[in-house]
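Novice: Structure file work00.cif (mmCIF, N, CA and C atoms) is given on the next line.
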```
data_protein
#
loop_
_atom_site.group_PDB
_atom_site.id
_atom_site.type_symbol
_atom_site.label_atom_id
_atom_site.label_comp_id
_atom_site.auth_asym_id
_atom_site.auth_seq_id
_atom_site.Cartn_x
_atom_site.Cartn_y
_atom_site.Cartn_z
ATOM 1 N N MET U 194 -33.101 -15.908 -18.945
ATOM 2 C CA MET U 194 -32.434 -14.997 -19.858
ATOM 3 C C MET U 194 -31.924 -15.790 -21.072
ATOM 4 N N THR U 195 -32.133 -15.235 -22.209
ATOM 5 C CA THR U 195 -31.724 -15.931 -23.429
ATOM 6 C C THR U 195 -30.258 -15.661 -23.730
ATOM 7 N N ALA U 196 -29.737 -16.477 -24.586
ATOM 8 C CA ALA U 196 -28.351 -16.304 -24.992
ATOM 9 C C ALA U 196 -28.156 -14.964 -25.704
ATOM 10 N N LEU U 197 -29.162 -14.509 -26.421
ATOM 11 C CA LEU U 197 -29.077 -13.233 -27.123
ATOM 12 C C LEU U 197 -28.956 -12.086 -26.121
ATOM 13 N N GLU U 198 -29.727 -12.151 -25.039
ATOM 14 C CA GLU U 198 -29.635 -11.113 -24.007
ATOM 15 C C GLU U 198 -28.263 -11.134 -23.338
ATOM 16 N N ASP U 199 -27.747 -12.331 -23.093
ATOM 17 C CA ASP U 199 -26.406 -12.461 -22.527
ATOM 18 C C ASP U 199 -25.372 -11.817 -23.451
ATOM 19 N N LEU U 200 -25.528 -12.070 -24.724
ATOM 20 C CA LEU U 200 -24.605 -11.516 -25.711
ATOM 21 C C LEU U 200 -24.677 -9.989 -25.726
ATOM 22 N N GLN U 201 -25.874 -9.442 -25.643
ATOM 23 C CA GLN U 201 -26.044 -7.988 -25.628
ATOM 24 C C GLN U 201 -25.407 -7.368 -24.388
ATOM 25 N N LYS U 202 -25.589 -7.990 -23.244
ATOM 26 C CA LYS U 202 -24.992 -7.487 -22.008
ATOM 27 C C LYS U 202 -23.470 -7.539 -22.082
ATOM 28 N N LEU U 203 -22.954 -8.605 -22.623
ATOM 29 C CA LEU U 203 -21.510 -8.729 -22.755
ATOM 30 C C LEU U 203 -20.962 -7.698 -23.737
ATOM 31 N N ALA U 204 -21.678 -7.469 -24.810
ATOM 32 C CA ALA U 204 -21.257 -6.461 -25.784
ATOM 33 C C ALA U 204 -21.223 -5.075 -25.145
ATOM 34 N N ASP U 205 -22.186 -4.781 -24.286
ATOM 35 C CA ASP U 205 -22.201 -3.506 -23.562
ATOM 36 C C ASP U 205 -20.973 -3.376 -22.664
ATOM 37 N N ARG U 206 -20.632 -4.456 -21.974
ATOM 38 C CA ARG U 206 -19.459 -4.435 -21.094
ATOM 39 C C ARG U 206 -18.179 -4.232 -21.900
ATOM 40 N N VAL U 207 -18.096 -4.860 -23.058
ATOM 41 C CA VAL U 207 -16.918 -4.704 -23.915
ATOM 42 C C VAL U 207 -16.818 -3.265 -24.395
ATOM 43 N N ARG U 208 -17.930 -2.665 -24.778
ATOM 44 C CA ARG U 208 -17.942 -1.254 -25.217
ATOM 45 C C ARG U 208 -17.450 -0.340 -24.097
ATOM 46 N N GLU U 209 -17.951 -0.569 -22.891
ATOM 47 C CA GLU U 209 -17.558 0.241 -21.740
ATOM 48 C C GLU U 209 -16.061 0.090 -21.459
ATOM 49 N N ALA U 210 -15.576 -1.129 -21.512
ATOM 50 C CA ALA U 210 -14.159 -1.382 -21.263
ATOM 51 C C ALA U 210 -13.289 -0.726 -22.336
ATOM 52 N N THR U 211 -13.745 -0.779 -23.567
ATOM 53 C CA THR U 211 -13.010 -0.159 -24.675
ATOM 54 C C THR U 211 -12.931 1.353 -24.489
ATOM 55 N N GLN U 212 -14.033 1.957 -24.086
ATOM 56 C CA GLN U 212 -14.047 3.399 -23.844
ATOM 57 C C GLN U 212 -13.116 3.771 -22.696
ATOM 58 N N ALA U 213 -13.130 2.980 -21.631
ATOM 59 C CA ALA U 213 -12.244 3.237 -20.492
ATOM 60 C C ALA U 213 -10.786 3.100 -20.905
ATOM 61 N N LEU U 214 -10.471 2.085 -21.686
ATOM 62 C CA LEU U 214 -9.114 1.874 -22.164
ATOM 63 C C LEU U 214 -8.659 3.023 -23.053
ATOM 64 N N ASP U 215 -9.524 3.482 -23.937
ATOM 65 C CA ASP U 215 -9.187 4.623 -24.797
ATOM 66 C C ASP U 215 -8.890 5.868 -23.970
ATOM 67 N N ALA U 216 -9.682 6.105 -22.937
ATOM 68 C CA ALA U 216 -9.464 7.271 -22.076
ATOM 69 C C ALA U 216 -8.129 7.166 -21.350
ATOM 70 N N LEU U 217 -7.805 5.991 -20.858
ATOM 71 C CA LEU U 217 -6.525 5.793 -20.173
ATOM 72 C C LEU U 217 -5.349 5.966 -21.137
ATOM 73 N N ARG U 218 -5.490 5.483 -22.347
ATOM 74 C CA ARG U 218 -4.425 5.653 -23.337
ATOM 75 C C ARG U 218 -4.202 7.131 -23.662
ATOM 76 N N GLN U 219 -5.277 7.897 -23.741
ATOM 77 C CA GLN U 219 -5.145 9.331 -24.001
ATOM 78 C C GLN U 219 -4.412 10.018 -22.860
ATOM 79 N N GLN U 220 -4.723 9.628 -21.625
ATOM 80 C CA GLN U 220 -4.024 10.191 -20.468
ATOM 81 C C GLN U 220 -2.538 9.827 -20.502
ATOM 82 N N ARG U 221 -2.258 8.558 -20.811
ATOM 83 C CA ARG U 221 -0.869 8.116 -20.892
ATOM 84 C C ARG U 221 -0.125 8.880 -21.975
ATOM 85 N N ASP U 222 -0.741 9.037 -23.130
ATOM 86 C CA ASP U 222 -0.092 9.739 -24.232
ATOM 87 C C ASP U 222 0.198 11.187 -23.860
ATOM 88 N N GLN U 223 -0.730 11.825 -23.160
ATOM 89 C CA GLN U 223 -0.505 13.211 -22.743
ATOM 90 C C GLN U 223 0.649 13.285 -21.750
ATOM 91 N N LEU U 224 0.726 12.335 -20.848
ATOM 92 C CA LEU U 224 1.843 12.316 -19.894
ATOM 93 C C LEU U 224 3.171 12.067 -20.601
ATOM 94 N N ILE U 225 3.169 11.223 -21.608
ATOM 95 C CA ILE U 225 4.392 11.001 -22.390
ATOM 96 C C ILE U 225 4.842 12.323 -22.997
ATOM 97 N N ARG U 226 3.908 13.066 -23.593
ATOM 98 C CA ARG U 226 4.258 14.364 -24.187
ATOM 99 C C ARG U 226 4.763 15.337 -23.129
ATOM 100 N N ASP U 227 4.089 15.371 -21.984
ATOM 101 C CA ASP U 227 4.484 16.279 -20.910
ATOM 102 C C ASP U 227 5.877 15.960 -20.380
ATOM 103 N N VAL U 228 6.142 14.679 -20.169
ATOM 104 C CA VAL U 228 7.456 14.273 -19.659
ATOM 105 C C VAL U 228 8.541 14.620 -20.669
ATOM 106 N N ARG U 229 8.290 14.347 -21.908
ATOM 107 C CA ARG U 229 9.293 14.629 -22.948
ATOM 108 C C ARG U 229 9.570 16.128 -23.050
ATOM 109 N N ARG U 230 8.526 16.940 -22.944
ATOM 110 C CA ARG U 230 8.668 18.394 -23.055
ATOM 111 C C ARG U 230 9.368 19.005 -21.852
ATOM 112 N N SER U 231 9.066 18.515 -20.668
ATOM 113 C CA SER U 231 9.502 19.202 -19.454
ATOM 114 C C SER U 231 10.695 18.569 -18.748
ATOM 115 N N THR U 232 11.251 17.500 -19.295
ATOM 116 C CA THR U 232 12.392 16.848 -18.645
ATOM 117 C C THR U 232 13.446 16.490 -19.687
ATOM 118 N N ASP U 233 14.537 15.982 -19.184
ATOM 119 C CA ASP U 233 15.620 15.532 -20.064
ATOM 120 C C ASP U 233 15.619 14.016 -20.242
ATOM 121 N N HIS U 234 14.514 13.377 -19.905
ATOM 122 C CA HIS U 234 14.451 11.920 -20.036
ATOM 123 C C HIS U 234 14.483 11.525 -21.512
ATOM 124 N N THR U 235 15.134 10.424 -21.769
ATOM 125 C CA THR U 235 15.273 9.933 -23.135
ATOM 126 C C THR U 235 14.044 9.116 -23.540
ATOM 127 N N VAL U 236 13.926 8.898 -24.832
ATOM 128 C CA VAL U 236 12.827 8.077 -25.349
ATOM 129 C C VAL U 236 12.849 6.683 -24.725
ATOM 130 N N PRO U 237 14.013 6.015 -24.643
ATOM 131 C CA PRO U 237 14.014 4.685 -24.013
ATOM 132 C C PRO U 237 13.544 4.719 -22.550
ATOM 133 N N GLU U 238 13.929 5.755 -21.807
ATOM 134 C CA GLU U 238 13.496 5.864 -20.413
ATOM 135 C C GLU U 238 11.987 6.063 -20.316
ATOM 136 N N ILE U 239 11.464 6.906 -21.171
ATOM 137 C CA ILE U 239 10.023 7.172 -21.169
ATOM 138 C C ILE U 239 9.264 5.915 -21.570
ATOM 139 N N ALA U 240 9.758 5.223 -22.579
ATOM 140 C CA ALA U 240 9.098 3.995 -23.037
ATOM 141 C C ALA U 240 9.047 2.958 -21.921
ATOM 142 N N GLU U 241 10.150 2.808 -21.225
ATOM 143 C CA GLU U 241 10.195 1.829 -20.131
ATOM 144 C C GLU U 241 9.221 2.214 -19.016
ATOM 145 N N ALA U 242 9.207 3.491 -18.662
ATOM 146 C CA ALA U 242 8.309 3.955 -17.596
ATOM 147 C C ALA U 242 6.841 3.795 -17.991
ATOM 148 N N ALA U 243 6.548 4.025 -19.257
ATOM 149 C CA ALA U 243 5.157 3.952 -19.729
ATOM 150 C C ALA U 243 4.726 2.528 -20.064
ATOM 151 N N GLY U 244 5.687 1.625 -20.174
ATOM 152 C CA GLY U 244 5.350 0.245 -20.524
ATOM 153 C C GLY U 244 4.967 0.080 -21.978
ATOM 154 N N VAL U 245 5.574 0.919 -22.827
ATOM 155 C CA VAL U 245 5.294 0.850 -24.263
ATOM 156 C C VAL U 245 6.616 0.785 -25.018
ATOM 157 N N SER U 246 6.535 0.589 -26.308
ATOM 158 C CA SER U 246 7.734 0.537 -27.124
ATOM 159 C C SER U 246 8.255 1.947 -27.391
ATOM 160 N N GLN U 247 9.513 2.022 -27.781
ATOM 161 C CA GLN U 247 10.094 3.305 -28.161
ATOM 162 C C GLN U 247 9.376 3.870 -29.382
ATOM 163 N N ALA U 248 8.954 3.003 -30.271
ATOM 164 C CA ALA U 248 8.218 3.451 -31.457
ATOM 165 C C ALA U 248 6.912 4.138 -31.057
ATOM 166 N N THR U 249 6.251 3.603 -30.042
ATOM 167 C CA THR U 249 5.012 4.230 -29.571
ATOM 168 C C THR U 249 5.291 5.616 -29.008
ATOM 169 N N VAL U 250 6.342 5.734 -28.221
ATOM 170 C CA VAL U 250 6.704 7.039 -27.651
ATOM 171 C C VAL U 250 7.002 8.030 -28.768
ATOM 172 N N LYS U 251 7.762 7.618 -29.752
ATOM 173 C CA LYS U 251 8.085 8.506 -30.870
ATOM 174 C C LYS U 251 6.834 8.921 -31.629
ATOM 175 N N THR U 252 5.916 7.992 -31.807
ATOM 176 C CA THR U 252 4.660 8.294 -32.500
ATOM 177 C C THR U 252 3.848 9.320 -31.705
ATOM 178 N N VAL U 253 3.780 9.140 -30.404
ATOM 179 C CA VAL U 253 3.032 10.053 -29.546
ATOM 180 C C VAL U 253 3.680 11.445 -29.580
ATOM 181 N N ILE U 254 5.003 11.491 -29.456
ATOM 182 C CA ILE U 254 5.717 12.774 -29.439
ATOM 183 C C ILE U 254 5.517 13.519 -30.744
ATOM 184 N N ARG U 255 5.517 12.803 -31.840
ATOM 185 C CA ARG U 255 5.325 13.439 -33.154
ATOM 186 C C ARG U 255 3.897 13.935 -33.349
ATOM 187 N N GLY U 256 2.998 13.493 -32.487
ATOM 188 C CA GLY U 256 1.614 13.930 -32.578
ATOM 189 C C GLY U 256 0.774 13.125 -33.530
ATOM 190 N N VAL U 257 1.294 11.996 -33.959
ATOM 191 C CA VAL U 257 0.544 11.148 -34.874
ATOM 192 C C VAL U 257 -0.598 10.467 -34.126
ATOM 193 N N ARG U 258 -0.400 10.299 -32.828
ATOM 194 C CA ARG U 258 -1.425 9.618 -32.040
ATOM 195 C C ARG U 258 -1.841 10.464 -30.877
#
```
Using structure tokens, write down the structure from this file.
Specialist:
Amino acid sequence: MTALEDLQKLADRVREATQALDALRQQRDQLIRDVRRSTDHTVPEIAEAAGVSQATVKTVIRGVR
């Protein structure tokens, strides 16, 4: 196998991983919105539970992301 073929296979794996990560982030963002809408949890509590910054939670809640 040539180095070029190795590179192509690795690029495919990176693409797949990126797609999986994007899907997981979308699920996380939806859960952040759901938790914020349906509970009295604060932004800091949600951020800590989600493992993200408070700024990220605020961005998600505002619908920017």
Novice: Take the PyMOL selection byres ((chain U and resi 240-254) around 8), apply it to the structure above, and return the hits as JSON, numbers by chain.
Specialist: {"U": [221, 222, 223, 225, 226, 229, 234, 235, 236, 237, 238, 239, 255, 256, 257, 258]}
Novice: DSSP on the backbone, then: every residue of chain U marked alpha helix (DSSP H), written as a PyMOL selection string.
Specialist: chain U and resi 196-231+236-243+247-255
Novice: Please save N, CA and C atoms of the selected residues as a compact mmCIF listing (two decimals), in the frame of the given file.
Specialist:
```txt
# COMPACT_ATOMS: atom_id res chain seq x y z
N ALA U 196 -29.74 -16.48 -24.59
CA ALA U 196 -28.35 -16.30 -24.99
C ALA U 196 -28.16 -14.96 -25.70
N LEU U 197 -29.16 -14.51 -26.42
CA LEU U 197 -29.08 -13.23 -27.12
C LEU U 197 -28.96 -12.09 -26.12
N GLU U 198 -29.73 -12.15 -25.04
CA GLU U 198 -29.64 -11.11 -24.01
C GLU U 198 -28.26 -11.13 -23.34
N ASP U 199 -27.75 -12.33 -23.09
CA ASP U 199 -26.41 -12.46 -22.53
C ASP U 199 -25.37 -11.82 -23.45
N LEU U 200 -25.53 -12.07 -24.72
CA LEU U 200 -24.60 -11.52 -25.71
C LEU U 200 -24.68 -9.99 -25.73
N GLN U 201 -25.87 -9.44 -25.64
CA GLN U 201 -26.04 -7.99 -25.63
C GLN U 201 -25.41 -7.37 -24.39
N LYS U 202 -25.59 -7.99 -23.24
CA LYS U 202 -24.99 -7.49 -22.01
C LYS U 202 -23.47 -7.54 -22.08
N LEU U 203 -22.95 -8.60 -22.62
CA LEU U 203 -21.51 -8.73 -22.76
C LEU U 203 -20.96 -7.70 -23.74
N ALA U 204 -21.68 -7.47 -24.81
CA ALA U 204 -21.26 -6.46 -25.78
C ALA U 204 -21.22 -5.08 -25.14
N ASP U 205 -22.19 -4.78 -24.29
CA ASP U 205 -22.20 -3.51 -23.56
C ASP U 205 -20.97 -3.38 -22.66
N ARG U 206 -20.63 -4.46 -21.97
CA ARG U 206 -19.46 -4.43 -21.09
C ARG U 206 -18.18 -4.23 -21.90
N VAL U 207 -18.10 -4.86 -23.06
CA VAL U 207 -16.92 -4.70 -23.92
C VAL U 207 -16.82 -3.26 -24.40
N ARG U 208 -17.93 -2.66 -24.78
CA ARG U 208 -17.94 -1.25 -25.22
C ARG U 208 -17.45 -0.34 -24.10
N GLU U 209 -17.95 -0.57 -22.89
CA GLU U 209 -17.56 0.24 -21.74
C GLU U 209 -16.06 0.09 -21.46
N ALA U 210 -15.58 -1.13 -21.51
CA ALA U 210 -14.16 -1.38 -21.26
C ALA U 210 -13.29 -0.73 -22.34
N THR U 211 -13.74 -0.78 -23.57
CA THR U 211 -13.01 -0.16 -24.68
C THR U 211 -12.93 1.35 -24.49
N GLN U 212 -14.03 1.96 -24.09
CA GLN U 212 -14.05 3.40 -23.84
C GLN U 212 -13.12 3.77 -22.70
N ALA U 213 -13.13 2.98 -21.63
CA ALA U 213 -12.24 3.24 -20.49
C ALA U 213 -10.79 3.10 -20.90
N LEU U 214 -10.47 2.08 -21.69
CA LEU U 214 -9.11 1.87 -22.16
C LEU U 214 -8.66 3.02 -23.05
N ASP U 215 -9.52 3.48 -23.94
CA ASP U 215 -9.19 4.62 -24.80
C ASP U 215 -8.89 5.87 -23.97
N ALA U 216 -9.68 6.10 -22.94
CA ALA U 216 -9.46 7.27 -22.08
C ALA U 216 -8.13 7.17 -21.35
N LEU U 217 -7.80 5.99 -20.86
CA LEU U 217 -6.52 5.79 -20.17
C LEU U 217 -5.35 5.97 -21.14
N ARG U 218 -5.49 5.48 -22.35
CA ARG U 218 -4.42 5.65 -23.34
C ARG U 218 -4.20 7.13 -23.66
N GLN U 219 -5.28 7.90 -23.74
CA GLN U 219 -5.14 9.33 -24.00
C GLN U 219 -4.41 10.02 -22.86
N GLN U 220 -4.72 9.63 -21.62
CA GLN U 220 -4.02 10.19 -20.47
C GLN U 220 -2.54 9.83 -20.50
N ARG U 221 -2.26 8.56 -20.81
CA ARG U 221 -0.87 8.12 -20.89
C ARG U 221 -0.12 8.88 -21.98
N ASP U 222 -0.74 9.04 -23.13
CA ASP U 222 -0.09 9.74 -24.23
C ASP U 222 0.20 11.19 -23.86
N GLN U 223 -0.73 11.82 -23.16
CA GLN U 223 -0.50 13.21 -22.74
C GLN U 223 0.65 13.28 -21.75
N LEU U 224 0.73 12.34 -20.85
CA LEU U 224 1.84 12.32 -19.89
C LEU U 224 3.17 12.07 -20.60
N ILE U 225 3.17 11.22 -21.61
CA ILE U 225 4.39 11.00 -22.39
C ILE U 225 4.84 12.32 -23.00
N ARG U 226 3.91 13.07 -23.59
CA ARG U 226 4.26 14.36 -24.19
C ARG U 226 4.76 15.34 -23.13
N ASP U 227 4.09 15.37 -21.98
CA ASP U 227 4.48 16.28 -20.91
C ASP U 227 5.88 15.96 -20.38
N VAL U 228 6.14 14.68 -20.17
CA VAL U 228 7.46 14.27 -19.66
C VAL U 228 8.54 14.62 -20.67
N ARG U 229 8.29 14.35 -21.91
CA ARG U 229 9.29 14.63 -22.95
C ARG U 229 9.57 16.13 -23.05
N ARG U 230 8.53 16.94 -22.94
CA ARG U 230 8.67 18.39 -23.06
C ARG U 230 9.37 19.00 -21.85
N SER U 231 9.07 18.52 -20.67
CA SER U 231 9.50 19.20 -19.45
C SER U 231 10.70 18.57 -18.75
N VAL U 236 13.93 8.90 -24.83
CA VAL U 236 12.83 8.08 -25.35
C VAL U 236 12.85 6.68 -24.72
N PRO U 237 14.01 6.02 -24.64
CA PRO U 237 14.01 4.68 -24.01
C PRO U 237 13.54 4.72 -22.55
N GLU U 238 13.93 5.76 -21.81
CA GLU U 238 13.50 5.86 -20.41
C GLU U 238 11.99 6.06 -20.32
N ILE U 239 11.46 6.91 -21.17
CA ILE U 239 10.02 7.17 -21.17
C ILE U 239 9.26 5.92 -21.57
N ALA U 240 9.76 5.22 -22.58
CA ALA U 240 9.10 4.00 -23.04
C ALA U 240 9.05 2.96 -21.92
N GLU U 241 10.15 2.81 -21.22
CA GLU U 241 10.20 1.83 -20.13
C GLU U 241 9.22 2.21 -19.02
N ALA U 242 9.21 3.49 -18.66
CA ALA U 242 8.31 3.96 -17.60
C ALA U 242 6.84 3.80 -17.99
N ALA U 243 6.55 4.03 -19.26
CA ALA U 243 5.16 3.95 -19.73
C ALA U 243 4.73 2.53 -20.06
N GLN U 247 9.51 2.02 -27.78
CA GLN U 247 10.09 3.30 -28.16
C GLN U 247 9.38 3.87 -29.38
N ALA U 248 8.95 3.00 -30.27
CA ALA U 248 8.22 3.45 -31.46
C ALA U 248 6.91 4.14 -31.06
N THR U 249 6.25 3.60 -30.04
CA THR U 249 5.01 4.23 -29.57
C THR U 249 5.29 5.62 -29.01
N VAL U 250 6.34 5.73 -28.22
CA VAL U 250 6.70 7.04 -27.65
C VAL U 250 7.00 8.03 -28.77
N LYS U 251 7.76 7.62 -29.75
CA LYS U 251 8.09 8.51 -30.87
C LYS U 251 6.83 8.92 -31.63
N THR U 252 5.92 7.99 -31.81
CA THR U 252 4.66 8.29 -32.50
C THR U 252 3.85 9.32 -31.70
N VAL U 253 3.78 9.14 -30.40
CA VAL U 253 3.03 10.05 -29.55
C VAL U 253 3.68 11.44 -29.58
N ILE U 254 5.00 11.49 -29.46
CA ILE U 254 5.72 12.77 -29.44
C ILE U 254 5.52 13.52 -30.74
N ARG U 255 5.52 12.80 -31.84
CA ARG U 255 5.32 13.44 -33.15
C ARG U 255 3.90 13.94 -33.35
```
Novice: Mind pulling up the distance from atom C of U:Glu209 to atom N of U:Val228?
Specialist: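 Distance reported for this atom pair: 26.6 Å.
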Novice: Between atom CA of U:Leu214 and atom C of U:Ser231, what distance in Å does the model show, to one decimal?
Specialist: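 Distance reported for this atom pair: 26.1 Å.
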Novice: Kindly output stretch 195-219 of chain U as a tab-separated table (two decimals), keeping the file's coordinate frame, after building N, CA, C and O atoms.
Specialist:
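What follows is the written file out15.tsv:
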```tsv
chain	number	residue	atom	x	y	z
U	195	THR	N	-32.13	-15.24	-22.21
U	195	THR	CA	-31.72	-15.93	-23.43
U	195	THR	C	-30.26	-15.66	-23.73
U	195	THR	O	-29.65	-14.73	-23.19
U	196	ALA	N	-29.74	-16.48	-24.59
U	196	ALA	CA	-28.35	-16.30	-24.99
U	196	ALA	C	-28.16	-14.96	-25.70
U	196	ALA	O	-27.10	-14.34	-25.57
U	197	LEU	N	-29.16	-14.51	-26.42
U	197	LEU	CA	-29.08	-13.23	-27.12
U	197	LEU	C	-28.96	-12.09	-26.12
U	197	LEU	O	-28.16	-11.16	-26.30
U	198	GLU	N	-29.73	-12.15	-25.04
U	198	GLU	CA	-29.64	-11.11	-24.01
U	198	GLU	C	-28.26	-11.13	-23.34
U	198	GLU	O	-27.70	-10.09	-23.03
U	199	ASP	N	-27.75	-12.33	-23.09
U	199	ASP	CA	-26.41	-12.46	-22.53
U	199	ASP	C	-25.37	-11.82	-23.45
U	199	ASP	O	-24.46	-11.11	-22.99
U	200	LEU	N	-25.53	-12.07	-24.72
U	200	LEU	CA	-24.60	-11.52	-25.71
U	200	LEU	C	-24.68	-9.99	-25.73
U	200	LEU	O	-23.66	-9.31	-25.78
U	201	GLN	N	-25.87	-9.44	-25.64
U	201	GLN	CA	-26.04	-7.99	-25.63
U	201	GLN	C	-25.41	-7.37	-24.39
U	201	GLN	O	-24.74	-6.34	-24.47
U	202	LYS	N	-25.59	-7.99	-23.24
U	202	LYS	CA	-24.99	-7.49	-22.01
U	202	LYS	C	-23.47	-7.54	-22.08
U	202	LYS	O	-22.78	-6.61	-21.66
U	203	LEU	N	-22.95	-8.60	-22.62
U	203	LEU	CA	-21.51	-8.73	-22.76
U	203	LEU	C	-20.96	-7.70	-23.74
U	203	LEU	O	-19.91	-7.09	-23.50
U	204	ALA	N	-21.68	-7.47	-24.81
U	204	ALA	CA	-21.26	-6.46	-25.78
U	204	ALA	C	-21.22	-5.08	-25.14
U	204	ALA	O	-20.31	-4.28	-25.40
U	205	ASP	N	-22.19	-4.78	-24.29
U	205	ASP	CA	-22.20	-3.51	-23.56
U	205	ASP	C	-20.97	-3.38	-22.66
U	205	ASP	O	-20.35	-2.32	-22.60
U	206	ARG	N	-20.63	-4.46	-21.97
U	206	ARG	CA	-19.46	-4.43	-21.09
U	206	ARG	C	-18.18	-4.23	-21.90
U	206	ARG	O	-17.27	-3.51	-21.48
U	207	VAL	N	-18.10	-4.86	-23.06
U	207	VAL	CA	-16.92	-4.70	-23.92
U	207	VAL	C	-16.82	-3.26	-24.40
U	207	VAL	O	-15.73	-2.67	-24.39
U	208	ARG	N	-17.93	-2.66	-24.78
U	208	ARG	CA	-17.94	-1.25	-25.22
U	208	ARG	C	-17.45	-0.34	-24.10
U	208	ARG	O	-16.64	0.55	-24.31
U	209	GLU	N	-17.95	-0.57	-22.89
U	209	GLU	CA	-17.56	0.24	-21.74
U	209	GLU	C	-16.06	0.09	-21.46
U	209	GLU	O	-15.37	1.07	-21.18
U	210	ALA	N	-15.58	-1.13	-21.51
U	210	ALA	CA	-14.16	-1.38	-21.26
U	210	ALA	C	-13.29	-0.73	-22.34
U	210	ALA	O	-12.23	-0.17	-22.04
U	211	THR	N	-13.74	-0.78	-23.57
U	211	THR	CA	-13.01	-0.16	-24.68
U	211	THR	C	-12.93	1.35	-24.49
U	211	THR	O	-11.87	1.96	-24.68
U	212	GLN	N	-14.03	1.96	-24.09
U	212	GLN	CA	-14.05	3.40	-23.84
U	212	GLN	C	-13.12	3.77	-22.70
U	212	GLN	O	-12.38	4.75	-22.78
U	213	ALA	N	-13.13	2.98	-21.63
U	213	ALA	CA	-12.24	3.24	-20.49
U	213	ALA	C	-10.79	3.10	-20.90
U	213	ALA	O	-9.94	3.92	-20.53
U	214	LEU	N	-10.47	2.08	-21.69
U	214	LEU	CA	-9.11	1.87	-22.16
U	214	LEU	C	-8.66	3.02	-23.05
U	214	LEU	O	-7.53	3.52	-22.92
U	215	ASP	N	-9.52	3.48	-23.94
U	215	ASP	CA	-9.19	4.62	-24.80
U	215	ASP	C	-8.89	5.87	-23.97
U	215	ASP	O	-7.94	6.61	-24.26
U	216	ALA	N	-9.68	6.10	-22.94
U	216	ALA	CA	-9.46	7.27	-22.08
U	216	ALA	C	-8.13	7.17	-21.35
U	216	ALA	O	-7.38	8.15	-21.25
U	217	LEU	N	-7.80	5.99	-20.86
U	217	LEU	CA	-6.52	5.79	-20.17
U	217	LEU	C	-5.35	5.97	-21.14
U	217	LEU	O	-4.31	6.55	-20.77
U	218	ARG	N	-5.49	5.48	-22.35
U	218	ARG	CA	-4.42	5.65	-23.34
U	218	ARG	C	-4.20	7.13	-23.66
U	218	ARG	O	-3.06	7.57	-23.83
U	219	GLN	N	-5.28	7.90	-23.74
U	219	GLN	CA	-5.14	9.33	-24.00
U	219	GLN	C	-4.41	10.02	-22.86
U	219	GLN	O	-3.54	10.88	-23.09
```
